[in-house]
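Source file: protein.txt. Holds: compact mmCIF, C-alpha atoms.
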```txt
# COMPACT_ATOMS: atom_id res chain seq x y z
CA MET A 1 -56.06 -42.95 -81.92
CA GLY A 2 -52.67 -44.68 -82.34
CA LEU A 3 -50.01 -44.96 -79.63
CA PHE A 4 -47.94 -42.07 -81.00
CA ASP A 5 -51.00 -39.81 -81.30
CA LYS A 6 -51.90 -40.59 -77.68
CA LEU A 7 -48.35 -39.80 -76.60
CA LYS A 8 -48.39 -36.55 -78.58
CA ALA A 9 -51.75 -35.57 -77.08
CA GLY A 10 -50.52 -36.51 -73.59
CA LEU A 11 -47.45 -34.32 -73.99
CA SER A 12 -49.34 -31.32 -75.36
CA LYS A 13 -48.94 -29.23 -72.17
CA THR A 14 -45.22 -30.05 -71.93
CA ARG A 15 -44.69 -29.35 -75.62
CA GLU A 16 -46.47 -26.01 -75.35
CA SER A 17 -44.43 -25.10 -72.28
CA ILE A 18 -41.04 -25.92 -73.80
CA ALA A 19 -41.89 -24.66 -77.28
CA GLN A 20 -43.30 -21.42 -75.90
CA GLN A 21 -40.26 -20.78 -73.70
CA VAL A 22 -37.77 -21.57 -76.49
CA ASN A 23 -39.69 -19.80 -79.26
CA ASN A 24 -40.01 -16.68 -77.13
CA VAL A 25 -36.22 -16.52 -76.87
CA PHE A 26 -35.70 -16.97 -80.60
CA SER A 27 -38.34 -14.34 -81.40
CA VAL A 28 -36.47 -11.76 -79.31
CA PHE A 29 -32.83 -12.68 -80.03
CA VAL A 30 -32.02 -12.78 -83.72
CA LYS A 31 -28.24 -12.88 -83.30
CA VAL A 32 -26.58 -16.14 -82.22
CA ASP A 33 -24.49 -14.91 -79.29
CA GLU A 34 -23.91 -15.42 -75.56
CA GLU A 35 -27.08 -13.53 -74.65
CA LEU A 36 -29.11 -16.01 -76.71
CA PHE A 37 -27.50 -18.97 -74.90
CA GLU A 38 -28.13 -17.44 -71.47
CA ASN A 39 -31.78 -16.82 -72.23
CA LEU A 40 -32.20 -20.31 -73.69
CA GLU A 41 -30.75 -21.80 -70.50
CA GLU A 42 -33.23 -19.80 -68.43
CA ALA A 43 -36.07 -20.98 -70.72
CA LEU A 44 -35.11 -24.64 -70.25
CA ILE A 45 -34.99 -24.23 -66.47
CA MET A 46 -38.44 -22.62 -66.57
CA ALA A 47 -39.67 -25.63 -68.57
CA ASP A 48 -38.73 -27.94 -65.66
CA ILE A 49 -35.68 -29.46 -67.31
CA GLY A 50 -33.67 -28.54 -64.20
CA VAL A 51 -30.60 -26.41 -63.60
CA GLU A 52 -27.89 -29.05 -63.96
CA THR A 53 -29.34 -30.57 -67.12
CA SER A 54 -30.10 -27.17 -68.66
CA GLU A 55 -26.49 -26.08 -68.07
CA TYR A 56 -25.26 -29.26 -69.76
CA ILE A 57 -27.56 -28.79 -72.77
CA ILE A 58 -26.53 -25.18 -73.32
CA GLU A 59 -22.82 -26.01 -72.98
CA GLU A 60 -23.24 -28.73 -75.63
CA LEU A 61 -25.18 -26.26 -77.77
CA ARG A 62 -22.43 -23.64 -77.49
CA ASN A 63 -19.80 -26.19 -78.55
CA ASN A 64 -21.85 -27.50 -81.48
CA VAL A 65 -22.74 -24.03 -82.75
CA LYS A 66 -19.09 -23.03 -82.59
CA SER A 67 -17.69 -26.19 -84.22
CA LYS A 68 -20.34 -26.21 -86.98
CA HIS A 69 -20.19 -22.41 -87.51
CA ILE A 70 -23.96 -22.06 -87.11
CA THR A 71 -25.35 -18.55 -87.46
CA ASP A 72 -28.99 -19.31 -88.31
CA GLY A 73 -31.43 -19.34 -85.37
CA ASN A 74 -33.51 -22.16 -86.90
CA LEU A 75 -30.41 -24.34 -87.12
CA VAL A 76 -29.60 -23.54 -83.50
CA LYS A 77 -33.11 -24.65 -82.54
CA ARG A 78 -32.69 -27.89 -84.50
CA GLU A 79 -29.36 -28.49 -82.76
CA LEU A 80 -31.04 -27.95 -79.37
CA LYS A 81 -33.67 -30.58 -80.17
CA GLU A 82 -31.01 -33.08 -81.25
CA ILE A 83 -29.02 -32.63 -78.01
CA ILE A 84 -32.15 -33.30 -75.95
CA SER A 85 -33.04 -36.31 -78.12
CA ASP A 86 -29.53 -37.71 -77.59
CA ILE A 87 -29.91 -37.42 -73.79
CA LEU A 88 -33.15 -39.42 -73.95
CA LYS A 89 -31.60 -42.08 -76.21
CA GLU A 90 -28.50 -42.49 -74.03
CA ASN A 91 -30.26 -44.44 -71.29
CA ASN A 92 -33.19 -45.79 -73.30
CA SER A 93 -33.97 -49.46 -72.62
CA SER A 94 -37.13 -51.52 -72.40
CA VAL A 95 -38.15 -53.73 -69.46
CA ASP A 96 -36.28 -57.05 -69.52
CA THR A 97 -38.87 -59.81 -69.90
CA SER A 98 -36.50 -62.29 -71.53
CA THR A 99 -36.95 -65.10 -68.97
CA GLN A 100 -39.87 -67.16 -67.70
CA PRO A 101 -40.74 -65.84 -65.27
CA SER A 102 -39.35 -62.32 -65.35
CA VAL A 103 -39.75 -60.30 -62.15
CA ILE A 104 -40.74 -56.64 -61.86
CA LEU A 105 -40.57 -55.00 -58.41
CA VAL A 106 -42.47 -51.71 -58.21
CA ILE A 107 -41.85 -49.06 -55.54
CA GLY A 108 -43.05 -45.49 -55.01
CA VAL A 109 -44.53 -43.21 -52.37
CA ASN A 110 -48.27 -43.02 -51.73
CA GLY A 111 -50.23 -40.99 -54.24
CA VAL A 112 -48.00 -41.37 -57.29
CA GLY A 113 -50.19 -44.02 -58.89
CA LYS A 114 -48.16 -47.11 -58.00
CA THR A 115 -50.97 -49.65 -57.72
CA THR A 116 -52.76 -48.24 -60.77
CA SER A 117 -49.51 -48.43 -62.76
CA ILE A 118 -49.04 -52.07 -61.78
CA GLY A 119 -52.56 -52.85 -62.96
CA LYS A 120 -51.95 -51.10 -66.28
CA ILE A 121 -48.59 -52.85 -66.77
CA ALA A 122 -50.27 -56.19 -66.05
CA SER A 123 -52.92 -55.37 -68.64
CA HIS A 124 -50.23 -54.32 -71.13
CA TYR A 125 -48.44 -57.67 -70.90
CA LYS A 126 -51.71 -59.62 -70.82
CA SER A 127 -52.64 -57.99 -74.13
CA MET A 128 -49.36 -59.37 -75.53
CA GLY A 129 -50.42 -62.90 -74.55
CA LYS A 130 -48.25 -63.09 -71.42
CA LYS A 131 -49.35 -64.90 -68.26
CA VAL A 132 -49.03 -62.34 -65.47
CA LEU A 133 -49.02 -62.96 -61.71
CA LEU A 134 -49.35 -60.14 -59.17
CA ALA A 135 -47.90 -60.12 -55.64
CA ALA A 136 -49.46 -57.77 -53.05
CA ALA A 137 -46.27 -57.16 -51.03
CA ASP A 138 -47.05 -53.56 -50.02
CA THR A 139 -48.72 -54.97 -46.91
CA PHE A 140 -48.53 -51.92 -44.62
CA ARG A 141 -50.50 -49.38 -46.67
CA ALA A 142 -54.20 -49.38 -45.93
CA ALA A 143 -56.26 -50.76 -48.85
CA ALA A 144 -53.20 -51.47 -51.05
CA ILE A 145 -53.98 -55.21 -51.09
CA ASP A 146 -57.65 -54.61 -51.93
CA GLN A 147 -56.75 -52.15 -54.70
CA LEU A 148 -54.36 -54.62 -56.29
CA ASP A 149 -56.94 -57.38 -55.98
CA ILE A 150 -59.43 -55.24 -57.94
CA TRP A 151 -56.84 -54.69 -60.67
CA ALA A 152 -56.06 -58.42 -60.78
CA GLN A 153 -59.77 -59.16 -61.36
CA ARG A 154 -60.00 -56.40 -63.96
CA CYS A 155 -56.98 -57.72 -65.88
CA GLY A 156 -57.79 -61.39 -65.43
CA CYS A 157 -54.52 -62.05 -63.56
CA ASP A 158 -53.85 -64.29 -60.57
CA ILE A 159 -52.78 -62.56 -57.35
CA ILE A 160 -50.85 -63.73 -54.30
CA LYS A 161 -51.83 -61.88 -51.12
CA HIS A 162 -51.64 -62.21 -47.35
CA GLN A 163 -53.30 -60.26 -44.56
CA GLU A 164 -52.58 -56.56 -44.01
CA ASN A 165 -49.37 -55.96 -41.97
CA SER A 166 -47.97 -59.40 -42.82
CA ASP A 167 -44.34 -59.86 -43.86
CA PRO A 168 -43.84 -58.55 -47.44
CA ALA A 169 -40.99 -61.03 -48.01
CA ALA A 170 -43.34 -63.93 -47.16
CA VAL A 171 -45.76 -62.71 -49.85
CA VAL A 172 -42.92 -62.57 -52.39
CA PHE A 173 -41.76 -66.07 -51.40
CA ASP A 174 -45.24 -67.47 -52.03
CA ALA A 175 -45.48 -65.50 -55.28
CA CYS A 176 -42.16 -66.91 -56.54
CA SER A 177 -43.38 -70.44 -55.76
CA ALA A 178 -46.70 -69.76 -57.52
CA ALA A 179 -44.95 -68.23 -60.55
CA LYS A 180 -42.94 -71.43 -61.01
CA ALA A 181 -45.89 -73.77 -60.37
CA ARG A 182 -48.30 -71.91 -62.66
CA GLY A 183 -45.86 -71.18 -65.48
CA ALA A 184 -46.18 -67.39 -65.20
CA ASP A 185 -44.31 -65.28 -67.73
CA ILE A 186 -44.14 -62.16 -65.58
CA LEU A 187 -44.33 -61.69 -61.80
CA ILE A 188 -45.11 -58.11 -60.75
CA CYS A 189 -44.59 -57.30 -57.06
CA ASP A 190 -46.17 -54.26 -55.42
CA THR A 191 -43.52 -53.41 -52.82
CA ALA A 192 -42.81 -50.78 -50.19
CA GLY A 193 -42.72 -47.06 -50.77
CA ARG A 194 -41.96 -45.73 -47.33
CA LEU A 195 -39.03 -43.39 -47.81
CA HIS A 196 -39.12 -41.63 -44.44
CA ASN A 197 -36.90 -44.36 -43.04
CA LYS A 198 -34.45 -45.42 -45.74
CA LYS A 199 -32.87 -48.04 -43.48
CA ASN A 200 -36.15 -49.93 -43.14
CA LEU A 201 -36.84 -49.64 -46.86
CA MET A 202 -33.36 -50.91 -47.74
CA ALA A 203 -33.66 -53.82 -45.31
CA GLU A 204 -37.08 -54.81 -46.61
CA LEU A 205 -36.06 -54.65 -50.27
CA ALA A 206 -32.81 -56.50 -49.55
CA LYS A 207 -34.81 -59.32 -47.91
CA ILE A 208 -37.20 -59.47 -50.89
CA ASN A 209 -34.30 -59.50 -53.34
CA ARG A 210 -32.58 -62.34 -51.46
CA ILE A 211 -35.73 -64.44 -51.73
CA ILE A 212 -36.07 -63.75 -55.46
CA GLU A 213 -32.39 -64.58 -56.04
CA ARG A 214 -32.81 -67.84 -54.14
CA GLU A 215 -36.16 -68.91 -55.58
CA LEU A 216 -35.78 -67.55 -59.13
CA PRO A 217 -32.01 -67.34 -59.66
CA SER A 218 -32.17 -67.27 -63.46
CA SER A 219 -34.98 -64.72 -63.77
CA ALA A 220 -34.52 -61.27 -65.26
CA LYS A 221 -35.36 -58.69 -62.58
CA GLU A 222 -36.30 -55.03 -62.76
CA THR A 223 -36.89 -52.59 -59.90
CA LEU A 224 -39.08 -49.75 -61.19
CA LEU A 225 -39.77 -46.51 -59.33
CA VAL A 226 -43.11 -44.80 -59.92
CA LEU A 227 -42.93 -40.99 -60.04
CA ASP A 228 -45.68 -38.41 -60.49
CA ALA A 229 -44.78 -36.05 -63.36
CA THR A 230 -46.97 -33.28 -61.95
CA THR A 231 -44.54 -32.81 -59.03
CA GLY A 232 -41.79 -31.63 -61.41
CA GLN A 233 -38.34 -31.34 -59.86
CA ASN A 234 -39.61 -32.97 -56.64
CA ALA A 235 -39.90 -36.18 -58.67
CA VAL A 236 -36.22 -35.85 -59.63
CA SER A 237 -35.36 -35.50 -55.92
CA GLN A 238 -37.41 -38.63 -55.15
CA ALA A 239 -35.53 -40.54 -57.85
CA LYS A 240 -32.25 -39.52 -56.21
CA LEU A 241 -33.38 -40.56 -52.70
CA PHE A 242 -34.83 -43.89 -53.80
CA SER A 243 -31.67 -44.64 -55.80
CA GLU A 244 -29.71 -44.28 -52.57
CA ALA A 245 -31.99 -46.84 -50.89
CA ALA A 246 -32.48 -49.36 -53.69
CA GLU A 247 -30.98 -50.48 -56.99
CA ILE A 248 -33.48 -48.80 -59.30
CA THR A 249 -33.33 -50.05 -62.91
CA GLY A 250 -35.95 -47.72 -64.36
CA ILE A 251 -38.74 -45.19 -63.92
CA ILE A 252 -42.50 -45.30 -64.45
CA LEU A 253 -43.58 -41.68 -64.98
CA THR A 254 -47.31 -41.16 -64.40
CA LYS A 255 -49.72 -38.27 -65.11
CA LEU A 256 -47.73 -36.73 -67.98
CA ASP A 257 -50.98 -35.73 -69.65
CA GLY A 258 -51.93 -33.51 -66.71
CA THR A 259 -48.78 -31.40 -66.53
CA ALA A 260 -46.48 -29.06 -68.40
CA LYS A 261 -43.57 -30.51 -66.40
CA GLY A 262 -42.71 -33.43 -68.71
CA GLY A 263 -39.25 -31.90 -69.09
CA ILE A 264 -38.31 -33.82 -65.94
CA VAL A 265 -37.91 -36.90 -68.16
CA ILE A 266 -34.79 -35.21 -69.53
CA SER A 267 -33.44 -34.36 -66.02
CA ILE A 268 -34.02 -37.91 -64.77
CA ALA A 269 -32.27 -39.39 -67.80
CA LYS A 270 -29.30 -37.01 -67.54
CA GLU A 271 -28.81 -36.51 -63.80
CA GLN A 272 -29.81 -39.94 -62.47
CA GLY A 273 -28.80 -42.04 -65.48
CA LEU A 274 -32.11 -43.89 -65.11
CA PRO A 275 -34.09 -45.01 -68.14
CA VAL A 276 -37.78 -44.20 -68.23
CA LYS A 277 -39.51 -47.53 -68.93
CA PHE A 278 -43.20 -46.52 -68.95
CA VAL A 279 -45.07 -43.21 -69.28
CA GLY A 280 -48.67 -42.51 -68.33
CA VAL A 281 -50.44 -40.30 -70.86
CA GLY A 282 -54.08 -40.71 -69.83
CA GLU A 283 -56.60 -42.28 -67.47
CA GLY A 284 -57.41 -45.33 -69.61
CA ILE A 285 -56.03 -48.80 -68.93
CA GLU A 286 -54.16 -48.66 -72.26
CA ASP A 287 -52.69 -45.21 -71.59
CA LEU A 288 -49.53 -46.43 -69.81
CA GLN A 289 -47.07 -46.90 -72.68
CA GLU A 290 -43.62 -48.40 -72.93
CA PHE A 291 -41.24 -45.47 -73.28
CA ASN A 292 -39.63 -44.93 -76.68
CA SER A 293 -37.07 -42.12 -76.75
CA ASP A 294 -37.50 -41.37 -80.47
CA ASP A 295 -41.28 -41.16 -80.18
CA PHE A 296 -41.04 -39.08 -77.01
CA ALA A 297 -38.63 -36.58 -78.60
CA ARG A 298 -40.84 -36.33 -81.70
CA ALA A 299 -43.99 -35.88 -79.61
CA MET A 300 -42.31 -33.29 -77.41
CA PHE A 301 -40.95 -31.15 -80.24
CA GLU A 302 -43.28 -31.76 -83.18
CA GLU A 303 -44.97 -28.53 -84.14
CA GLU A 304 -48.75 -28.35 -83.96
CA GLU A 305 -50.28 -28.77 -87.38
```

Serialized structure, structure tokens:
Amino acid sequence: MGLFDKLKAGLSKTRESIAQQVNNVFSVFVKVDEELFENLEEALIMADIGVETSEYIIEELRNNVKSKHITDGNLVKRELKEIISDILKENNSSVDTSTQPSVILVIGVNGVGKTTSIGKIASHYKSMGKKVLLAAADTFRAAAIDQLDIWAQRCGCDIIKHQENSDPAAVVFDACSAAKARGADILICDTAGRLHNKKNLMAELAKINRIIERELPSSAKETLLVLDATTGQNAVSQAKLFSEAAEITGIILTKLDGTAKGGIVISIAKEQGLPVKFVGVGEGIEDLQEFNSDDFARAMFEEEE
């Protein structure tokens, strides 16, 4: 199965949810009028696209239908898909790995699949011939270091680790030194995800960032937030809270294959202005894919054959 087919299969529940909601509206309302728009907005909200984003989409749809004098329901549906595709494209960007080394900091609360995502990202870049180094800087979560160590062995990557409860910034310092000495292409740091005290999180990440700036001043750096797609609009709230505590450059959205709530990708892109960098569409090590807005829009809206 190719990458697009995996993405399409992974989005099947989301596609069914959105398509069902939208198609139900068009099956009931033949006339293109205000009642149609109101019911479409409700359908988008029900499909976990969120209130604010749904309102924006329908307002754009109203304007486009009016300016283009559209009276055919099928053309309205096509216009709806294009508006959503444009939202996804607006903030679409891949992870910056243009320098040697490039640094990727990964944060996220417990249970979202942070450590697993790091392992899969490491495997992804290893398969491209990159030399990847992992840093176990989430030192306060029980078993986080051991979990990352297992992934490092599985991927054939080096790992820098200290004892549990040690200073995360010290781990990152050693990892930066090792990345330079060993000629690593990509340094991936598993960092804190404790959001209950934003001040502590901000201070810890600021300290880590200062060390990276000092030790690897010319390196491209990304800070990626891992979110669990199955939590729906709660994931959007997490993105907002983490953005207040750290300079997030992108999202890793896990467990898309297990939910009908993939519409949150659209809310995150529109409301937070954050690009989705990776999406998880299965359990396999190869099932975390780099996000492509065109492929995602196609997979989300393509009719079942």

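Residues with any atom within 7 Å of segment 90-103 of chain A, counting all atoms listed in the file and excluding same-chain neighbours fewer than 6 positions away, are A:Ala179, A:Ala184, A:Asp185, A:Ile186, A:Leu187, A:Ile188, A:Ser219, A:Ala220, A:Lys221, A:Glu222, A:Ala269, A:Gly273, A:Leu274, A:Pro275, A:Lys277, A:Ser293.
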
Those same residues - C-alpha atoms - I'd like them written as a PDB file, in the coordinates of the input.
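Result file selection_26.pdb:
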```pdb
ATOM      1  CA  ALA A 179     -44.950 -68.230 -60.550  1.00  0.00           C
ATOM      2  CA  ALA A 184     -46.180 -67.390 -65.200  1.00  0.00           C
ATOM      3  CA  ASP A 185     -44.310 -65.280 -67.730  1.00  0.00           C
ATOM      4  CA  ILE A 186     -44.140 -62.160 -65.580  1.00  0.00           C
ATOM      5  CA  LEU A 187     -44.330 -61.690 -61.800  1.00  0.00           C
ATOM      6  CA  ILE A 188     -45.110 -58.110 -60.750  1.00  0.00           C
ATOM      7  CA  SER A 219     -34.980 -64.720 -63.770  1.00  0.00           C
ATOM      8  CA  ALA A 220     -34.520 -61.270 -65.260  1.00  0.00           C
ATOM      9  CA  LYS A 221     -35.360 -58.690 -62.580  1.00  0.00           C
ATOM     10  CA  GLU A 222     -36.300 -55.030 -62.760  1.00  0.00           C
ATOM     11  CA  ALA A 269     -32.270 -39.390 -67.800  1.00  0.00           C
ATOM     12  CA  GLY A 273     -28.800 -42.040 -65.480  1.00  0.00           C
ATOM     13  CA  LEU A 274     -32.110 -43.890 -65.110  1.00  0.00           C
ATOM     14  CA  PRO A 275     -34.090 -45.010 -68.140  1.00  0.00           C
ATOM     15  CA  LYS A 277     -39.510 -47.530 -68.930  1.00  0.00           C
ATOM     16  CA  SER A 293     -37.070 -42.120 -76.750  1.00  0.00           C
TER      17      SER A 293
END
```

Problem set entry | Residues near Gly284 of chain A, cut-off 12 Å, only C-alpha atoms, skip fewer than 4 positions along chain, as a ChimeraX atom specification | /A:6,10,116-117,119-121,123-124,255,257,280,288-289

Take the point (-46.8, -55.7, -47.2) in the file's coordinates, draw a sphere of radius 12 Å around it, and report as an mmCIF file with C-alpha atoms, in the frame of the given file every protein, DNA or RNA residue with an atom inside or on it, counting all atoms listed in the file.
```
data_model
loop_
_atom_site.group_PDB
_atom_site.id
_atom_site.type_symbol
_atom_site.label_atom_id
_atom_site.label_comp_id
_atom_site.auth_asym_id
_atom_site.auth_seq_id
_atom_site.Cartn_x
_atom_site.Cartn_y
_atom_site.Cartn_z
ATOM 1 C CA ILE A 107 -41.850 -49.060 -55.540
ATOM 2 C CA ALA A 135 -47.900 -60.120 -55.640
ATOM 3 C CA ALA A 136 -49.460 -57.770 -53.050
ATOM 4 C CA ALA A 137 -46.270 -57.160 -51.030
ATOM 5 C CA ASP A 138 -47.050 -53.560 -50.020
ATOM 6 C CA THR A 139 -48.720 -54.970 -46.910
ATOM 7 C CA PHE A 140 -48.530 -51.920 -44.620
ATOM 8 C CA ARG A 141 -50.500 -49.380 -46.670
ATOM 9 C CA ALA A 142 -54.200 -49.380 -45.930
ATOM 10 C CA ALA A 143 -56.260 -50.760 -48.850
ATOM 11 C CA ALA A 144 -53.200 -51.470 -51.050
ATOM 12 C CA ILE A 145 -53.980 -55.210 -51.090
ATOM 13 C CA ASP A 146 -57.650 -54.610 -51.930
ATOM 14 C CA LEU A 148 -54.360 -54.620 -56.290
ATOM 15 C CA ILE A 160 -50.850 -63.730 -54.300
ATOM 16 C CA LYS A 161 -51.830 -61.880 -51.120
ATOM 17 C CA HIS A 162 -51.640 -62.210 -47.350
ATOM 18 C CA GLN A 163 -53.300 -60.260 -44.560
ATOM 19 C CA GLU A 164 -52.580 -56.560 -44.010
ATOM 20 C CA ASN A 165 -49.370 -55.960 -41.970
ATOM 21 C CA SER A 166 -47.970 -59.400 -42.820
ATOM 22 C CA ASP A 167 -44.340 -59.860 -43.860
ATOM 23 C CA PRO A 168 -43.840 -58.550 -47.440
ATOM 24 C CA ALA A 169 -40.990 -61.030 -48.010
ATOM 25 C CA ALA A 170 -43.340 -63.930 -47.160
ATOM 26 C CA VAL A 171 -45.760 -62.710 -49.850
ATOM 27 C CA VAL A 172 -42.920 -62.570 -52.390
ATOM 28 C CA CYS A 189 -44.590 -57.300 -57.060
ATOM 29 C CA ASP A 190 -46.170 -54.260 -55.420
ATOM 30 C CA THR A 191 -43.520 -53.410 -52.820
ATOM 31 C CA ALA A 192 -42.810 -50.780 -50.190
ATOM 32 C CA GLY A 193 -42.720 -47.060 -50.770
ATOM 33 C CA ARG A 194 -41.960 -45.730 -47.330
ATOM 34 C CA LEU A 201 -36.840 -49.640 -46.860
ATOM 35 C CA GLU A 204 -37.080 -54.810 -46.610
ATOM 36 C CA LEU A 205 -36.060 -54.650 -50.270
ATOM 37 C CA ILE A 208 -37.200 -59.470 -50.890
#
```

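Counting from atom CA of Gly111 of chain A, the distance to atom CA of Thr254 of chain A is 10.6 Å.
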
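Between atom CA of Glu16 of chain A and atom CA of Gly250 of chain A there is a distance of 26.5 Å.
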
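As for atom CA of Lys13 of chain A and atom CA of Thr259 of chain A, they are spaced 6.0 Å apart.
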
Problem set entry | Nearest candidate to Ile104 of chain A (options A:Leu224, A:Asp295, A:Ala19, A:Glu34; using all atoms listed in the file) | A:Leu224

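Closest approach to Lys31 of chain A from the set A:Val76, A:Val132, A:Leu11, A:Ala43 is made by A:Val76, with distances taken over only C-alpha atoms.
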
Exercise. Using all atoms listed in the file, what residues lie at most 9 Å away from (-36.2, -29.0, -66.9) (file coordinates), given as a ChimeraX atom specification?
Worked result: /A:18,43-54,232-233,261-267

For this session: Go through A:Ile285, A:Arg62, A:Lys180, A:Ile248 and flag the residue nearest Arg154 of chain A, using all atoms listed in the file for the distances.
Result: A:Ile285

Output, as JSON, the centre and edge lengths in Å (one decimal) of the axis-aligned box that contains all listed atoms of segment 241-251 of chain A with 5 Å of margin on each side.
```
{"center_x": -34.2, "center_y": -45.5, "center_z": -57.6, "size_x": 19.0, "size_y": 19.9, "size_z": 23.5}
```

Exercise. Counting only C-alpha atoms, which of A:Asn63, A:Asn39, A:Ser12, A:Ser127 gets nearest to Asn24 of chain A?
Worked result: A:Asn39

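Minimum distance to Asp72 of chain A across A:Asp33, A:Asp294, A:Glu55, A:Asp86 (counting all atoms listed in the file) occurs at A:Asp33.
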
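Take the candidates A:Gln147, A:Gln153, A:Gln21, A:Thr249 and check each one against Lys114 of chain A using only C-alpha atoms; the shortest distance goes to A:Gln147.
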
As a PDB file, keeping the file's coordinate frame, the rebuilt segment 202-208 of chain A with all heavy atoms:
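Ended up saving to part.pdb:
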```
ATOM      1  N   MET A 202     -34.496 -50.144 -47.206  1.00  0.00           N
ATOM      2  CA  MET A 202     -33.360 -50.910 -47.740  1.00  0.00           C
ATOM      3  C   MET A 202     -33.367 -52.345 -47.216  1.00  0.00           C
ATOM      4  O   MET A 202     -33.159 -53.296 -47.965  1.00  0.00           O
ATOM      5  CB  MET A 202     -32.036 -50.228 -47.359  1.00  0.00           C
ATOM      6  CG  MET A 202     -31.777 -48.936 -48.115  1.00  0.00           C
ATOM      7  SD  MET A 202     -30.352 -48.025 -47.459  1.00  0.00           S
ATOM      8  CE  MET A 202     -29.010 -48.985 -48.117  1.00  0.00           C
ATOM      9  N   ALA A 203     -33.642 -52.482 -45.909  1.00  0.00           N
ATOM     10  CA  ALA A 203     -33.660 -53.820 -45.310  1.00  0.00           C
ATOM     11  C   ALA A 203     -34.771 -54.678 -45.900  1.00  0.00           C
ATOM     12  O   ALA A 203     -34.569 -55.867 -46.202  1.00  0.00           O
ATOM     13  CB  ALA A 203     -33.823 -53.700 -43.794  1.00  0.00           C
ATOM     14  N   GLU A 204     -35.936 -54.072 -46.067  1.00  0.00           N
ATOM     15  CA  GLU A 204     -37.080 -54.810 -46.610  1.00  0.00           C
ATOM     16  C   GLU A 204     -36.828 -55.248 -48.046  1.00  0.00           C
ATOM     17  O   GLU A 204     -37.059 -56.399 -48.421  1.00  0.00           O
ATOM     18  CB  GLU A 204     -38.328 -53.924 -46.533  1.00  0.00           C
ATOM     19  CG  GLU A 204     -39.612 -54.657 -46.914  1.00  0.00           C
ATOM     20  CD  GLU A 204     -40.818 -53.764 -46.716  1.00  0.00           C
ATOM     21  OE1 GLU A 204     -40.983 -53.200 -45.617  1.00  0.00           O
ATOM     22  OE2 GLU A 204     -41.580 -53.620 -47.682  1.00  0.00           O
ATOM     23  N   LEU A 205     -36.324 -54.321 -48.866  1.00  0.00           N
ATOM     24  CA  LEU A 205     -36.060 -54.650 -50.270  1.00  0.00           C
ATOM     25  C   LEU A 205     -34.917 -55.664 -50.399  1.00  0.00           C
ATOM     26  O   LEU A 205     -34.948 -56.534 -51.272  1.00  0.00           O
ATOM     27  CB  LEU A 205     -35.738 -53.381 -51.061  1.00  0.00           C
ATOM     28  CG  LEU A 205     -36.921 -52.424 -51.276  1.00  0.00           C
ATOM     29  CD1 LEU A 205     -36.456 -51.128 -51.922  1.00  0.00           C
ATOM     30  CD2 LEU A 205     -38.009 -53.077 -52.119  1.00  0.00           C
ATOM     31  N   ALA A 206     -33.924 -55.545 -49.521  1.00  0.00           N
ATOM     32  CA  ALA A 206     -32.810 -56.500 -49.550  1.00  0.00           C
ATOM     33  C   ALA A 206     -33.324 -57.906 -49.241  1.00  0.00           C
ATOM     34  O   ALA A 206     -32.915 -58.895 -49.885  1.00  0.00           O
ATOM     35  CB  ALA A 206     -31.744 -56.088 -48.535  1.00  0.00           C
ATOM     36  N   LYS A 207     -34.231 -58.018 -48.272  1.00  0.00           N
ATOM     37  CA  LYS A 207     -34.810 -59.320 -47.910  1.00  0.00           C
ATOM     38  C   LYS A 207     -35.611 -59.896 -49.085  1.00  0.00           C
ATOM     39  O   LYS A 207     -35.487 -61.089 -49.419  1.00  0.00           O
ATOM     40  CB  LYS A 207     -35.704 -59.142 -46.686  1.00  0.00           C
ATOM     41  CG  LYS A 207     -36.192 -60.447 -46.062  1.00  0.00           C
ATOM     42  CD  LYS A 207     -36.981 -60.157 -44.787  1.00  0.00           C
ATOM     43  CE  LYS A 207     -37.531 -61.433 -44.169  1.00  0.00           C
ATOM     44  NZ  LYS A 207     -38.371 -61.136 -42.987  1.00  0.00           N
ATOM     45  N   ILE A 208     -36.414 -59.039 -49.723  1.00  0.00           N
ATOM     46  CA  ILE A 208     -37.200 -59.470 -50.890  1.00  0.00           C
ATOM     47  C   ILE A 208     -36.278 -59.924 -52.015  1.00  0.00           C
ATOM     48  O   ILE A 208     -36.503 -60.966 -52.652  1.00  0.00           O
ATOM     49  CB  ILE A 208     -38.124 -58.321 -51.354  1.00  0.00           C
ATOM     50  CG1 ILE A 208     -39.283 -58.152 -50.362  1.00  0.00           C
ATOM     51  CG2 ILE A 208     -38.661 -58.564 -52.765  1.00  0.00           C
ATOM     52  CD1 ILE A 208     -40.121 -56.905 -50.589  1.00  0.00           C
TER      53      ILE A 208
END
```
